[in-house]
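**Q** Following this line is model.cif, made up of mmCIF, N, CA and C atoms:
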```cif
data_input
loop_
_atom_site.label_atom_id
_atom_site.label_comp_id
_atom_site.auth_asym_id
_atom_site.auth_seq_id
_atom_site.Cartn_x
_atom_site.Cartn_y
_atom_site.Cartn_z
N GLN A 1 14.67 -0.57 -15.41
CA GLN A 1 13.28 -0.93 -15.24
C GLN A 1 12.93 -0.89 -13.76
N VAL A 2 11.88 -0.17 -13.44
CA VAL A 2 11.47 -0.03 -12.05
C VAL A 2 10.73 -1.29 -11.61
N GLN A 3 11.09 -1.77 -10.44
CA GLN A 3 10.41 -2.93 -9.87
C GLN A 3 9.91 -2.60 -8.47
N LEU A 4 8.70 -3.05 -8.19
CA LEU A 4 8.11 -2.92 -6.87
C LEU A 4 7.74 -4.34 -6.42
N VAL A 5 8.23 -4.75 -5.27
CA VAL A 5 7.99 -6.10 -4.78
C VAL A 5 7.34 -6.02 -3.41
N GLU A 6 6.09 -6.47 -3.35
CA GLU A 6 5.35 -6.47 -2.08
C GLU A 6 5.57 -7.77 -1.31
N SER A 7 5.41 -7.68 -0.02
CA SER A 7 5.44 -8.85 0.85
C SER A 7 4.65 -8.54 2.11
N GLY A 8 4.33 -9.59 2.85
CA GLY A 8 3.70 -9.40 4.15
C GLY A 8 2.23 -9.75 4.23
N GLY A 9 1.63 -10.10 3.13
CA GLY A 9 0.22 -10.48 3.17
C GLY A 9 0.02 -11.81 3.85
N GLY A 10 -1.25 -12.14 4.08
CA GLY A 10 -1.54 -13.42 4.71
C GLY A 10 -2.96 -13.49 5.22
N LEU A 11 -3.21 -14.53 5.99
CA LEU A 11 -4.53 -14.76 6.58
C LEU A 11 -4.47 -14.40 8.06
N VAL A 12 -5.35 -13.51 8.48
CA VAL A 12 -5.42 -13.11 9.88
C VAL A 12 -6.87 -13.10 10.34
N GLN A 13 -7.05 -13.08 11.64
CA GLN A 13 -8.39 -13.00 12.21
C GLN A 13 -8.77 -11.54 12.41
N PRO A 14 -10.04 -11.25 12.45
CA PRO A 14 -10.48 -9.87 12.72
C PRO A 14 -9.85 -9.33 14.00
N GLY A 15 -9.42 -8.09 13.94
CA GLY A 15 -8.78 -7.45 15.08
C GLY A 15 -7.28 -7.56 15.12
N GLU A 16 -6.74 -8.44 14.31
CA GLU A 16 -5.29 -8.62 14.28
C GLU A 16 -4.62 -7.59 13.36
N SER A 17 -3.28 -7.68 13.32
CA SER A 17 -2.49 -6.72 12.57
C SER A 17 -1.62 -7.41 11.53
N LEU A 18 -1.28 -6.64 10.51
CA LEU A 18 -0.33 -7.08 9.49
C LEU A 18 0.47 -5.86 9.04
N THR A 19 1.70 -6.10 8.62
CA THR A 19 2.49 -5.04 8.00
C THR A 19 2.91 -5.48 6.62
N LEU A 20 2.54 -4.69 5.63
CA LEU A 20 2.95 -4.93 4.26
C LEU A 20 4.20 -4.12 3.95
N SER A 21 5.06 -4.71 3.14
CA SER A 21 6.29 -4.03 2.72
C SER A 21 6.34 -3.97 1.20
N CYS A 22 6.92 -2.90 0.69
CA CYS A 22 7.10 -2.75 -0.75
C CYS A 22 8.53 -2.29 -0.99
N ALA A 23 9.33 -3.15 -1.56
CA ALA A 23 10.71 -2.81 -1.89
C ALA A 23 10.76 -2.24 -3.30
N VAL A 24 11.29 -1.04 -3.41
CA VAL A 24 11.36 -0.33 -4.70
C VAL A 24 12.79 -0.38 -5.20
N SER A 25 12.95 -0.61 -6.50
CA SER A 25 14.29 -0.86 -7.04
C SER A 25 15.11 0.41 -7.24
N ILE A 26 14.46 1.57 -7.16
CA ILE A 26 15.19 2.83 -7.26
C ILE A 26 14.76 3.75 -6.13
N SER A 27 15.39 4.88 -6.02
CA SER A 27 15.06 5.81 -4.95
C SER A 27 13.59 6.20 -5.00
N ILE A 28 12.93 6.13 -3.85
CA ILE A 28 11.51 6.50 -3.82
C ILE A 28 11.31 8.00 -4.04
N PHE A 29 12.38 8.78 -3.94
CA PHE A 29 12.28 10.19 -4.27
C PHE A 29 12.21 10.42 -5.78
N SER A 30 12.34 9.35 -6.56
CA SER A 30 12.17 9.45 -8.00
C SER A 30 10.71 9.64 -8.39
N PHE A 31 9.82 9.48 -7.42
CA PHE A 31 8.39 9.51 -7.68
C PHE A 31 7.71 10.67 -6.96
N ASN A 32 6.61 11.11 -7.50
CA ASN A 32 5.82 12.16 -6.85
C ASN A 32 5.16 11.64 -5.57
N ALA A 33 4.81 10.35 -5.61
CA ALA A 33 4.16 9.75 -4.45
C ALA A 33 4.31 8.24 -4.52
N VAL A 34 4.24 7.62 -3.36
CA VAL A 34 4.16 6.16 -3.27
C VAL A 34 2.95 5.82 -2.43
N GLY A 35 2.39 4.66 -2.67
CA GLY A 35 1.18 4.35 -1.93
C GLY A 35 0.75 2.91 -2.08
N TRP A 36 -0.38 2.65 -1.46
CA TRP A 36 -0.99 1.32 -1.47
C TRP A 36 -2.43 1.42 -1.97
N TYR A 37 -2.76 0.51 -2.85
CA TYR A 37 -4.13 0.35 -3.34
C TYR A 37 -4.57 -1.05 -2.99
N ARG A 38 -5.88 -1.27 -3.07
CA ARG A 38 -6.38 -2.62 -2.88
C ARG A 38 -7.55 -2.88 -3.82
N GLN A 39 -7.74 -4.15 -4.10
CA GLN A 39 -8.86 -4.55 -4.94
C GLN A 39 -9.48 -5.81 -4.37
N ALA A 40 -10.72 -5.68 -3.95
CA ALA A 40 -11.47 -6.82 -3.44
C ALA A 40 -12.18 -7.49 -4.61
N PRO A 41 -12.53 -8.77 -4.45
CA PRO A 41 -13.22 -9.49 -5.53
C PRO A 41 -14.48 -8.77 -5.97
N GLY A 42 -14.60 -8.55 -7.26
CA GLY A 42 -15.79 -7.92 -7.80
C GLY A 42 -15.87 -6.42 -7.63
N LYS A 43 -14.79 -5.84 -7.11
CA LYS A 43 -14.78 -4.39 -6.87
C LYS A 43 -13.63 -3.73 -7.62
N GLU A 44 -13.73 -2.42 -7.74
CA GLU A 44 -12.67 -1.67 -8.40
C GLU A 44 -11.50 -1.44 -7.45
N ARG A 45 -10.35 -1.22 -8.04
CA ARG A 45 -9.17 -0.91 -7.23
C ARG A 45 -9.36 0.46 -6.59
N GLU A 46 -8.99 0.56 -5.31
CA GLU A 46 -9.15 1.82 -4.60
C GLU A 46 -7.87 2.18 -3.87
N LEU A 47 -7.67 3.48 -3.72
CA LEU A 47 -6.52 3.98 -2.99
C LEU A 47 -6.73 3.77 -1.50
N VAL A 48 -5.75 3.18 -0.84
CA VAL A 48 -5.82 2.94 0.60
C VAL A 48 -5.03 4.02 1.35
N ALA A 49 -3.80 4.24 0.91
CA ALA A 49 -2.94 5.22 1.58
C ALA A 49 -1.88 5.67 0.60
N ARG A 50 -1.50 6.94 0.73
CA ARG A 50 -0.50 7.49 -0.16
C ARG A 50 0.38 8.46 0.61
N MET A 51 1.65 8.49 0.24
CA MET A 51 2.58 9.44 0.82
C MET A 51 3.30 10.17 -0.30
N SER A 52 3.25 11.50 -0.26
CA SER A 52 3.95 12.29 -1.28
C SER A 52 5.45 12.30 -0.99
N SER A 53 6.21 12.81 -1.95
CA SER A 53 7.65 12.90 -1.76
C SER A 53 7.99 13.81 -0.60
N ARG A 54 7.08 14.73 -0.26
CA ARG A 54 7.31 15.62 0.89
C ARG A 54 6.94 14.96 2.22
N GLY A 55 6.27 13.83 2.10
CA GLY A 55 5.88 13.14 3.33
C GLY A 55 4.42 13.34 3.72
N ASP A 56 3.68 14.10 2.93
CA ASP A 56 2.25 14.28 3.20
C ASP A 56 1.53 12.96 2.95
N THR A 57 0.55 12.67 3.78
CA THR A 57 -0.18 11.41 3.65
C THR A 57 -1.67 11.65 3.48
N ASN A 58 -2.32 10.72 2.84
CA ASN A 58 -3.78 10.69 2.82
C ASN A 58 -4.24 9.24 2.82
N TYR A 59 -5.43 9.04 3.39
CA TYR A 59 -5.95 7.70 3.61
C TYR A 59 -7.39 7.58 3.16
N LEU A 60 -7.74 6.36 2.79
CA LEU A 60 -9.14 6.02 2.57
C LEU A 60 -9.87 6.21 3.90
N ASP A 61 -11.06 6.78 3.85
CA ASP A 61 -11.77 7.08 5.10
C ASP A 61 -11.94 5.85 5.99
N SER A 62 -12.21 4.72 5.39
CA SER A 62 -12.52 3.53 6.18
C SER A 62 -11.30 2.94 6.89
N VAL A 63 -10.10 3.41 6.56
CA VAL A 63 -8.89 2.88 7.22
C VAL A 63 -8.22 3.92 8.12
N LYS A 64 -8.73 5.12 8.13
CA LYS A 64 -8.14 6.17 8.98
C LYS A 64 -8.16 5.74 10.44
N GLY A 65 -7.03 5.93 11.09
CA GLY A 65 -6.91 5.55 12.49
C GLY A 65 -6.51 4.10 12.69
N ARG A 66 -6.57 3.30 11.63
CA ARG A 66 -6.19 1.88 11.74
C ARG A 66 -4.93 1.55 10.92
N PHE A 67 -4.77 2.20 9.77
CA PHE A 67 -3.64 1.94 8.89
C PHE A 67 -2.68 3.12 8.92
N THR A 68 -1.40 2.81 8.76
CA THR A 68 -0.37 3.85 8.71
C THR A 68 0.62 3.53 7.61
N ILE A 69 0.83 4.49 6.73
CA ILE A 69 1.84 4.34 5.69
C ILE A 69 3.13 5.00 6.16
N SER A 70 4.24 4.36 5.85
CA SER A 70 5.54 4.93 6.22
C SER A 70 6.56 4.52 5.17
N ARG A 71 7.75 5.07 5.28
CA ARG A 71 8.79 4.76 4.31
C ARG A 71 10.15 4.72 5.01
N ASP A 72 11.02 3.92 4.45
CA ASP A 72 12.42 3.87 4.87
C ASP A 72 13.22 4.34 3.66
N ILE A 73 13.67 5.57 3.72
CA ILE A 73 14.33 6.17 2.57
C ILE A 73 15.62 5.44 2.22
N ALA A 74 16.37 5.07 3.23
CA ALA A 74 17.65 4.39 2.99
C ALA A 74 17.46 3.04 2.31
N GLU A 75 16.35 2.37 2.65
CA GLU A 75 16.08 1.05 2.10
C GLU A 75 15.15 1.08 0.89
N ASN A 76 14.69 2.27 0.52
CA ASN A 76 13.74 2.40 -0.60
C ASN A 76 12.56 1.46 -0.42
N THR A 77 12.01 1.48 0.78
CA THR A 77 10.91 0.58 1.12
C THR A 77 9.74 1.38 1.68
N VAL A 78 8.56 0.98 1.28
CA VAL A 78 7.33 1.60 1.75
C VAL A 78 6.56 0.55 2.54
N TYR A 79 6.00 0.98 3.66
CA TYR A 79 5.28 0.05 4.53
C TYR A 79 3.81 0.47 4.68
N LEU A 80 3.00 -0.51 4.98
CA LEU A 80 1.61 -0.24 5.37
C LEU A 80 1.34 -1.06 6.62
N GLN A 81 1.27 -0.38 7.74
CA GLN A 81 0.92 -1.03 9.00
C GLN A 81 -0.60 -1.04 9.11
N MET A 82 -1.15 -2.23 9.25
CA MET A 82 -2.60 -2.38 9.30
C MET A 82 -3.00 -2.99 10.64
N ASN A 83 -3.72 -2.22 11.42
CA ASN A 83 -4.19 -2.67 12.73
C ASN A 83 -5.70 -2.82 12.72
N SER A 84 -6.18 -3.55 13.70
CA SER A 84 -7.64 -3.74 13.87
C SER A 84 -8.29 -4.14 12.55
N LEU A 85 -7.73 -5.14 11.92
CA LEU A 85 -8.22 -5.54 10.61
C LEU A 85 -9.64 -6.08 10.68
N LYS A 86 -10.38 -5.81 9.61
CA LYS A 86 -11.78 -6.22 9.51
C LYS A 86 -11.95 -7.11 8.28
N PRO A 87 -12.99 -7.92 8.27
CA PRO A 87 -13.22 -8.76 7.08
C PRO A 87 -13.31 -7.94 5.79
N GLU A 88 -13.83 -6.74 5.88
CA GLU A 88 -13.95 -5.90 4.68
C GLU A 88 -12.62 -5.36 4.19
N ASP A 89 -11.54 -5.60 4.93
CA ASP A 89 -10.21 -5.24 4.45
C ASP A 89 -9.62 -6.32 3.55
N THR A 90 -10.32 -7.43 3.43
CA THR A 90 -9.85 -8.51 2.57
C THR A 90 -9.74 -8.04 1.12
N ALA A 91 -8.57 -8.22 0.54
CA ALA A 91 -8.32 -7.74 -0.82
C ALA A 91 -6.91 -8.12 -1.23
N VAL A 92 -6.62 -7.89 -2.50
CA VAL A 92 -5.25 -7.90 -2.97
C VAL A 92 -4.72 -6.47 -2.84
N TYR A 93 -3.61 -6.33 -2.17
CA TYR A 93 -3.01 -5.01 -1.94
C TYR A 93 -1.84 -4.81 -2.89
N TYR A 94 -1.86 -3.66 -3.55
CA TYR A 94 -0.84 -3.33 -4.55
C TYR A 94 -0.05 -2.10 -4.12
N CYS A 95 1.24 -2.20 -4.28
CA CYS A 95 2.10 -1.05 -4.08
C CYS A 95 2.12 -0.23 -5.37
N ASN A 96 2.15 1.08 -5.22
CA ASN A 96 2.14 1.99 -6.37
C ASN A 96 3.20 3.05 -6.20
N ALA A 97 3.89 3.35 -7.30
CA ALA A 97 4.84 4.46 -7.32
C ALA A 97 4.41 5.37 -8.48
N HIS A 98 4.09 6.59 -8.13
CA HIS A 98 3.43 7.49 -9.09
C HIS A 98 4.34 8.59 -9.60
N ARG A 99 4.37 8.70 -10.90
CA ARG A 99 4.95 9.86 -11.56
C ARG A 99 3.85 10.52 -12.38
N VAL A 100 4.02 11.76 -12.71
CA VAL A 100 3.00 12.45 -13.50
C VAL A 100 2.74 11.70 -14.80
N SER A 101 3.78 11.13 -15.37
CA SER A 101 3.65 10.51 -16.69
C SER A 101 3.33 9.03 -16.63
N PHE A 102 3.51 8.40 -15.46
CA PHE A 102 3.37 6.95 -15.43
C PHE A 102 3.21 6.45 -14.00
N ASP A 103 2.46 5.36 -13.88
CA ASP A 103 2.33 4.67 -12.61
C ASP A 103 3.02 3.31 -12.69
N HIS A 104 3.78 2.98 -11.65
CA HIS A 104 4.40 1.67 -11.54
C HIS A 104 3.66 0.88 -10.47
N TRP A 105 3.50 -0.42 -10.73
CA TRP A 105 2.73 -1.27 -9.83
C TRP A 105 3.52 -2.51 -9.44
N GLY A 106 3.28 -2.98 -8.23
CA GLY A 106 3.79 -4.27 -7.83
C GLY A 106 2.85 -5.36 -8.26
N GLN A 107 3.19 -6.59 -7.92
CA GLN A 107 2.40 -7.74 -8.38
C GLN A 107 1.21 -8.01 -7.47
N GLY A 108 1.20 -7.40 -6.30
CA GLY A 108 0.09 -7.58 -5.36
C GLY A 108 0.38 -8.64 -4.31
N THR A 109 -0.20 -8.42 -3.15
CA THR A 109 -0.10 -9.40 -2.07
C THR A 109 -1.49 -9.56 -1.44
N HIS A 110 -1.86 -10.79 -1.16
CA HIS A 110 -3.21 -11.09 -0.68
C HIS A 110 -3.31 -10.89 0.83
N VAL A 111 -4.35 -10.23 1.23
CA VAL A 111 -4.70 -10.10 2.64
C VAL A 111 -6.11 -10.65 2.83
N VAL A 112 -6.22 -11.62 3.71
CA VAL A 112 -7.53 -12.22 4.01
C VAL A 112 -7.78 -12.08 5.50
N VAL A 113 -8.89 -11.45 5.84
CA VAL A 113 -9.28 -11.27 7.24
C VAL A 113 -10.53 -12.10 7.47
N SER A 114 -10.37 -13.15 8.24
CA SER A 114 -11.48 -14.08 8.43
C SER A 114 -11.32 -14.84 9.73
N SER A 115 -12.45 -15.12 10.36
CA SER A 115 -12.42 -15.93 11.57
C SER A 115 -12.63 -17.40 11.24
#
```
As structure tokens, please, write out the structure in this file.
**A**
Amino acid sequence: QVQLVESGGGLVQPGESLTLSCAVSISIFSFNAVGWYRQAPGKERELVARMSSRGDTNYLDSVKGRFTISRDIAENTVYLQMNSLKPEDTAVYYCNAHRVSFDHWGQGTHVVVSS
């Protein structure tokens, strides 16, 4: 059974940084892509950042230049470095591991950006 465990969320002030981690229970090369989604209250879940098995990345327009997705292959861990955080980044962030036939999700970690 595949497990994804997120950590690193919390409460920060605008302009500060956070790094989210997602520990995957199997090799991340088992998936076509790994990534981060978020869901703010009253809104739909949206893709924040994704990295393909080849290492190609794509980002939500509103986080380009501020967020960076990376991976540690040896540790089967995916990271999301978030800089210059804004109140509108407040959401529950979910780690995702994508296969053509199925998506695996973590339990989510809360990020609150507030002064």
**Q** Take the PyMOL selection byres ((chain A and resi 105-110) around 8), run it mentally on this structure, and tell me the resulting residues as a ChimeraX atom specification.
**A** /A:2-11,22,90-98,102-104,111-113
**Q** On this structure, the PyMOL selection byres (((chain A and resi 58 and name CA) around 10) and name CA) would catch which residues? List them as a PyMOL selection string, sorted by chain and number.
**A** chain A and resi 35+47-52+55-57+59-61+64+68-69
**Q** So how far away is atom CA of Ala23 of chain A from atom CA of Arg99 of chain A, in Å?
**A**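 According to the coordinates, atom CA of Arg99 of chain A and atom CA of Ala23 of chain A are separated by 16.9 Å.
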**Q** Tell me which of A:Gly15, A:Leu20, A:Asn32, A:Ser25 sits closest to Ser101 of chain A, counting only C-alpha atoms.
**A**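 Of all the options, A:Asn32 lies closest to Ser101 of chain A.
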**Q** I need the residues of segment 1-109 of chain A that end up classed as helix (DSSP H, G or I) by DSSP on the backbone, written out as a list of chain:residue names.
**A**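 DSSP-assigned helix (DSSP H, G or I) residues in segment 1-109 of chain A: A:Ile28, A:Phe29, A:Ser30, A:Asp61, A:Ser62, A:Val63, A:Pro87, A:Glu88, A:Asp89.
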**Q** Can you work out the spacing between atom CA of Ser84 of chain A and atom N of Gly65 of chain A in Å, to one decimal?
**A**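 About the pair atom CA of Ser84 of chain A and atom N of Gly65 of chain A: they are 10.1 Å apart.
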**Q** So what do you get for atom N of Val12 of chain A versus atom N of Ser114 of chain A, distance-wise?
**A**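 Rounded to one decimal, the two atoms are 5.0 Å apart.
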**Q** Could you tell me, as a ChimeraX atom specification, which residues of chain A DSSP assigns to strand (DSSP E or B) when given the backbone?
**A** /A:4-7,10-12,18-24,33-39,46-52,57-59,67-72,77-82,91-98,103-105,109-113
**Q** I'd like the residues picked by the PyMOL selection byres ((chain A and resi 73-76) around 8) written out as a list of chain:residue names, using the chain letters and numbers from the file.
**A**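 The output of the PyMOL selection byres ((chain A and resi 73-76) around 8) on this file is A:Cys22, A:Ala23, A:Val24, A:Ser25, A:Ile26, A:Ser27, A:Ile28, A:Phe29, A:Ser70, A:Arg71, A:Asp72, A:Thr77, A:Val78, A:Tyr79.
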